[in-house]
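Structure file entry.txt with compact mmCIF, C-alpha atoms:
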```
# COMPACT_ATOMS: atom_id res chain seq x y z
CA GLY A 10 43.09 -36.94 106.24
CA LEU A 11 45.77 -37.46 108.93
CA THR A 12 48.22 -35.26 107.02
CA ASN A 13 45.89 -32.28 107.38
CA VAL A 14 46.01 -32.28 111.20
CA ASP A 15 49.13 -30.91 112.89
CA GLY A 16 50.60 -32.06 116.18
CA THR A 17 49.46 -34.92 118.35
CA ASN A 18 45.74 -35.38 118.90
CA PHE A 19 43.62 -37.69 121.06
CA SER A 20 39.98 -38.57 120.63
CA ILE A 21 37.98 -40.76 122.97
CA GLY A 22 34.30 -41.46 122.72
CA PHE A 23 31.48 -43.90 123.02
CA ALA A 24 28.18 -44.63 121.36
CA PRO A 25 25.34 -46.25 123.27
CA HIS A 26 23.35 -48.69 121.16
CA ILE A 27 19.72 -49.08 122.14
CA PRO A 28 18.36 -52.21 120.46
CA SER A 29 14.65 -52.83 120.22
CA LEU A 30 13.85 -56.24 118.79
CA GLU A 31 10.43 -57.82 118.72
CA TYR A 32 9.10 -60.98 117.12
CA GLU A 33 5.45 -61.52 116.25
CA ASN A 34 3.92 -64.41 114.32
CA GLY A 35 0.21 -64.68 114.95
CA PRO A 36 -0.38 -65.17 118.66
CA VAL A 37 3.35 -65.80 119.33
CA LYS A 38 5.09 -62.65 120.55
CA SER A 39 8.49 -62.12 122.06
CA LYS A 40 10.74 -59.16 122.83
CA VAL A 41 14.41 -58.88 123.80
CA ALA A 42 15.36 -57.73 127.28
CA ASN A 43 16.44 -54.11 127.71
CA TYR A 44 20.20 -53.81 127.38
CA THR A 45 22.25 -50.82 126.26
CA PRO A 46 25.80 -51.73 125.22
CA VAL A 47 28.24 -48.85 125.17
CA VAL A 48 30.59 -49.03 122.19
CA PRO A 49 33.89 -47.22 122.92
CA ASN A 50 36.56 -45.75 120.64
CA LEU A 51 40.00 -44.24 121.11
CA TYR A 52 42.14 -42.58 118.43
CA VAL A 53 45.60 -41.02 118.53
CA THR A 54 47.17 -39.15 115.61
CA THR A 55 50.50 -37.41 115.22
CA ARG A 56 52.19 -35.34 112.55
CA LEU A 57 55.35 -33.36 113.03
CA ALA A 58 55.34 -29.83 111.60
CA ASP A 59 56.40 -29.69 107.94
CA SER A 60 56.54 -33.48 107.65
CA PRO A 61 54.62 -35.16 104.82
CA TRP A 62 54.10 -38.23 107.07
CA ALA A 63 51.37 -38.70 109.66
CA PHE A 64 50.58 -41.65 111.88
CA GLY A 65 47.49 -42.81 113.69
CA PHE A 66 46.31 -45.60 115.92
CA GLY A 67 42.70 -46.47 116.64
CA VAL A 68 41.06 -48.87 119.05
CA TYR A 69 37.36 -49.27 118.35
CA THR A 70 34.55 -51.70 117.78
CA HIS A 71 31.91 -51.43 115.10
CA PHE A 72 29.17 -52.55 117.43
CA GLY A 73 28.43 -53.99 120.83
CA LEU A 74 26.03 -56.84 120.70
CA LYS A 75 24.21 -58.48 123.55
CA VAL A 76 20.73 -59.77 122.89
CA VAL A 77 18.69 -61.62 125.50
CA TRP A 78 15.48 -63.39 124.46
CA PRO A 79 13.14 -65.01 127.03
CA PHE A 80 14.18 -68.53 128.07
CA ASP A 81 10.67 -69.76 127.28
CA GLY A 82 10.37 -67.74 124.05
CA PRO A 83 9.93 -69.00 120.48
CA PHE A 84 13.70 -69.04 119.81
CA ASN A 85 14.78 -70.73 123.02
CA TYR A 86 16.35 -73.76 121.30
CA VAL A 87 18.19 -71.47 118.87
CA THR A 88 19.22 -68.63 121.16
CA THR A 89 18.35 -67.16 124.52
CA GLU A 90 21.37 -64.90 124.76
CA SER A 91 24.07 -63.75 122.37
CA ASP A 92 27.10 -61.82 123.56
CA LEU A 93 29.66 -60.74 120.94
CA ILE A 94 32.66 -58.48 121.54
CA LEU A 95 34.78 -57.50 118.53
CA PRO A 96 37.50 -54.88 119.23
CA HIS A 97 39.67 -53.62 116.37
CA PHE A 98 43.24 -52.29 116.59
CA ASN A 99 44.18 -50.13 113.60
CA PRO A 100 47.65 -48.59 113.09
CA THR A 101 47.63 -46.20 110.13
CA VAL A 102 50.17 -44.22 108.11
CA SER A 103 49.44 -41.34 105.76
CA TYR A 104 51.60 -39.45 103.26
CA LYS A 105 50.92 -35.95 101.89
CA VAL A 106 51.90 -36.11 98.21
CA ASN A 107 51.28 -32.37 97.74
CA ASP A 108 48.99 -29.66 99.15
CA LYS A 109 45.97 -31.22 97.46
CA LEU A 110 46.55 -34.99 97.61
CA SER A 111 47.13 -37.40 100.53
CA VAL A 112 47.18 -41.20 100.57
CA GLY A 113 47.15 -43.58 103.50
CA GLY A 114 46.65 -47.11 104.67
CA GLY A 115 46.80 -49.38 107.63
CA LEU A 116 46.38 -52.81 109.07
CA VAL A 117 43.44 -53.95 111.17
CA TYR A 118 43.72 -56.62 113.83
CA ALA A 119 40.41 -57.81 115.28
CA MET A 120 39.77 -60.05 118.24
CA ALA A 121 36.41 -61.70 118.86
CA SER A 122 34.81 -63.18 121.91
CA ALA A 123 31.40 -64.83 121.74
CA GLU A 124 29.21 -66.55 124.29
CA PRO A 125 25.90 -67.69 122.79
CA LYS A 126 23.38 -69.48 125.02
CA SER A 127 20.28 -71.50 124.26
CA ALA A 128 17.80 -73.81 125.94
CA LEU A 129 18.53 -77.53 125.77
CA PRO A 130 15.51 -79.89 125.45
CA ILE A 131 16.47 -82.58 127.97
CA ASP A 132 13.33 -84.67 127.34
CA GLY A 133 13.85 -84.48 123.57
CA ILE A 134 17.44 -85.68 123.96
CA ASN A 135 16.32 -88.58 126.20
CA ILE A 136 13.78 -89.68 123.61
CA ALA A 137 16.25 -89.30 120.70
CA LEU A 138 18.71 -91.53 122.58
CA GLY A 139 16.07 -94.25 122.99
CA GLY A 140 15.00 -93.35 126.51
CA ALA A 141 11.67 -92.29 127.87
CA ALA A 142 10.30 -88.83 128.50
CA THR A 143 10.92 -87.86 132.11
CA GLY A 144 9.24 -84.48 132.21
CA ALA A 145 12.63 -82.86 132.82
CA ALA A 146 12.83 -79.10 132.55
CA ASP A 147 14.90 -77.63 129.76
CA GLY A 148 18.57 -77.24 130.49
CA GLU A 149 20.88 -74.51 129.23
CA GLN A 150 23.60 -74.85 126.63
CA ILE A 151 26.44 -72.33 126.86
CA MET A 152 29.14 -72.00 124.24
CA ASP A 153 32.29 -69.94 124.67
CA GLY A 154 34.69 -69.09 121.90
CA ASP A 155 37.16 -66.59 120.60
CA GLY A 156 39.26 -65.87 117.56
CA ASP A 157 41.12 -63.19 115.67
CA GLY A 158 41.77 -61.98 112.16
CA PHE A 159 43.52 -59.38 110.03
CA GLY A 160 42.36 -56.86 107.47
CA ALA A 161 43.55 -53.68 105.80
CA THR A 162 42.40 -50.15 105.04
CA ALA A 163 43.42 -47.64 102.39
CA GLY A 164 42.34 -44.17 101.41
CA VAL A 165 42.92 -41.21 99.12
CA LEU A 166 41.97 -37.63 100.01
CA TYR A 167 41.86 -34.84 97.45
CA ARG A 168 41.43 -31.20 98.53
CA PRO A 169 40.56 -29.07 95.48
CA THR A 170 40.14 -26.00 97.74
CA GLU A 171 41.03 -25.09 101.31
CA ASN A 172 37.44 -25.70 102.48
CA HIS A 173 36.50 -28.75 100.42
CA SER A 174 37.80 -32.29 100.20
CA VAL A 175 36.76 -35.51 98.51
CA GLY A 176 37.91 -38.88 99.72
CA VAL A 177 37.63 -42.55 98.93
CA THR A 178 38.23 -45.29 101.47
CA TRP A 179 38.51 -49.03 101.14
CA ARG A 180 38.30 -51.74 103.80
CA SER A 181 39.23 -55.32 103.10
CA ASP A 182 37.21 -58.26 104.26
CA LEU A 183 38.08 -59.23 107.79
CA LYS A 184 37.27 -62.83 108.67
CA VAL A 185 37.35 -64.06 112.25
CA ASP A 186 36.84 -67.77 112.87
CA ILE A 187 35.51 -68.26 116.40
CA ILE A 188 36.66 -71.51 117.97
CA GLY A 189 35.41 -72.63 121.34
CA ASP A 190 33.76 -75.17 123.54
CA VAL A 191 30.29 -76.06 124.78
CA LEU A 192 30.47 -75.41 128.50
CA ALA A 193 27.13 -76.80 129.63
```
Show me, as structure tokens, the structure contained in the file I just sent.
Amino acid sequence: GLTNVDGTNFSIGFAPHIPSLEYENGPVKSKVANYTPVVPNLYVTTRLADSPWAFGFGVYTHFGLKVVWPFDGPFNYVTTESDLILPHFNPTVSYKVNDKLSVGGGLVYAMASAEPKSALPIDGINIALGGAATGAADGEQIMDGDGDGFGATAGVLYRPTENHSVGVTWRSDLKVDIIGDVLA
């Protein structure tokens, strides 16, 4: 639809996500801590008058994820905190074939940063290594990693009338392998 908007346009916005996660299995209950990630977006489009070409660039993320479970909760050896940031950078080009039909496509570059945390059963590790139980409190395991990946988008927009349009979009798979280290 970029070819149907004249001039240069900017759009900036955000969407607060308000997660509410609870776990209940018989007497075992747990709930995530209150956290409201704000997911931002920024788009710029431009089309010169009477040109069939239009260009756009978007910076956005599909979601903001930070989930914090209690350190002594039922998932503590799996996760106590997950923090995932996944911004996308999306340059796009569109071509107006005629007054009714436009086509477009673009590349997507995504970066990822993740920092999952979990409890570490110190006594269990001591016993597994042939030692004795010491009554040690659980430690914390922190992982830190990042990665990136590429994808693509494509679309077709058909406008049978001035006030109506029908479009189809496609997004490729976008795989990001996160590589990192255990910090603690």
Using all atoms listed in the file: which of A:Asn18, A:Thr45, A:Thr178, A:Ser60 has the shortest distance to Asp108 (chain A): A:Ser60
Spatial neighbours of Lys109 (chain A), 9 Å, all atoms listed in the file, chain gap at least 2 places, as a list in words: Lys105, Val106, Asn107, Ser111, Leu166, Tyr167, Arg168, Pro169, Thr170, Glu171 and Ser174 of chain A
Shell of 9 Å around Pro28 (chain A), only C-alpha atoms, local chain residues under 5 positions omitted, as a tab-separated table (two decimals) with C-alpha atoms, in the frame of the given file:
```tsv
chain	number	residue	atom	x	y	z
A	41	VAL	CA	14.41	-58.88	123.80
A	43	ASN	CA	16.44	-54.11	127.71
A	44	TYR	CA	20.20	-53.81	127.38
A	45	THR	CA	22.25	-50.82	126.26
A	46	PRO	CA	25.80	-51.73	125.22
A	74	LEU	CA	26.03	-56.84	120.70
A	76	VAL	CA	20.73	-59.77	122.89
```
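Of note, CA of Asn99 (chain A) and CA of Ile188 (chain A) are spaced 23.1 Å apart.
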Polymer residues at most 8 Å from Arg180 (chain A), all atoms listed in the file, same-chain spacing of 6 or more positions, as a VMD selection string: chain A and resid 160 to 163
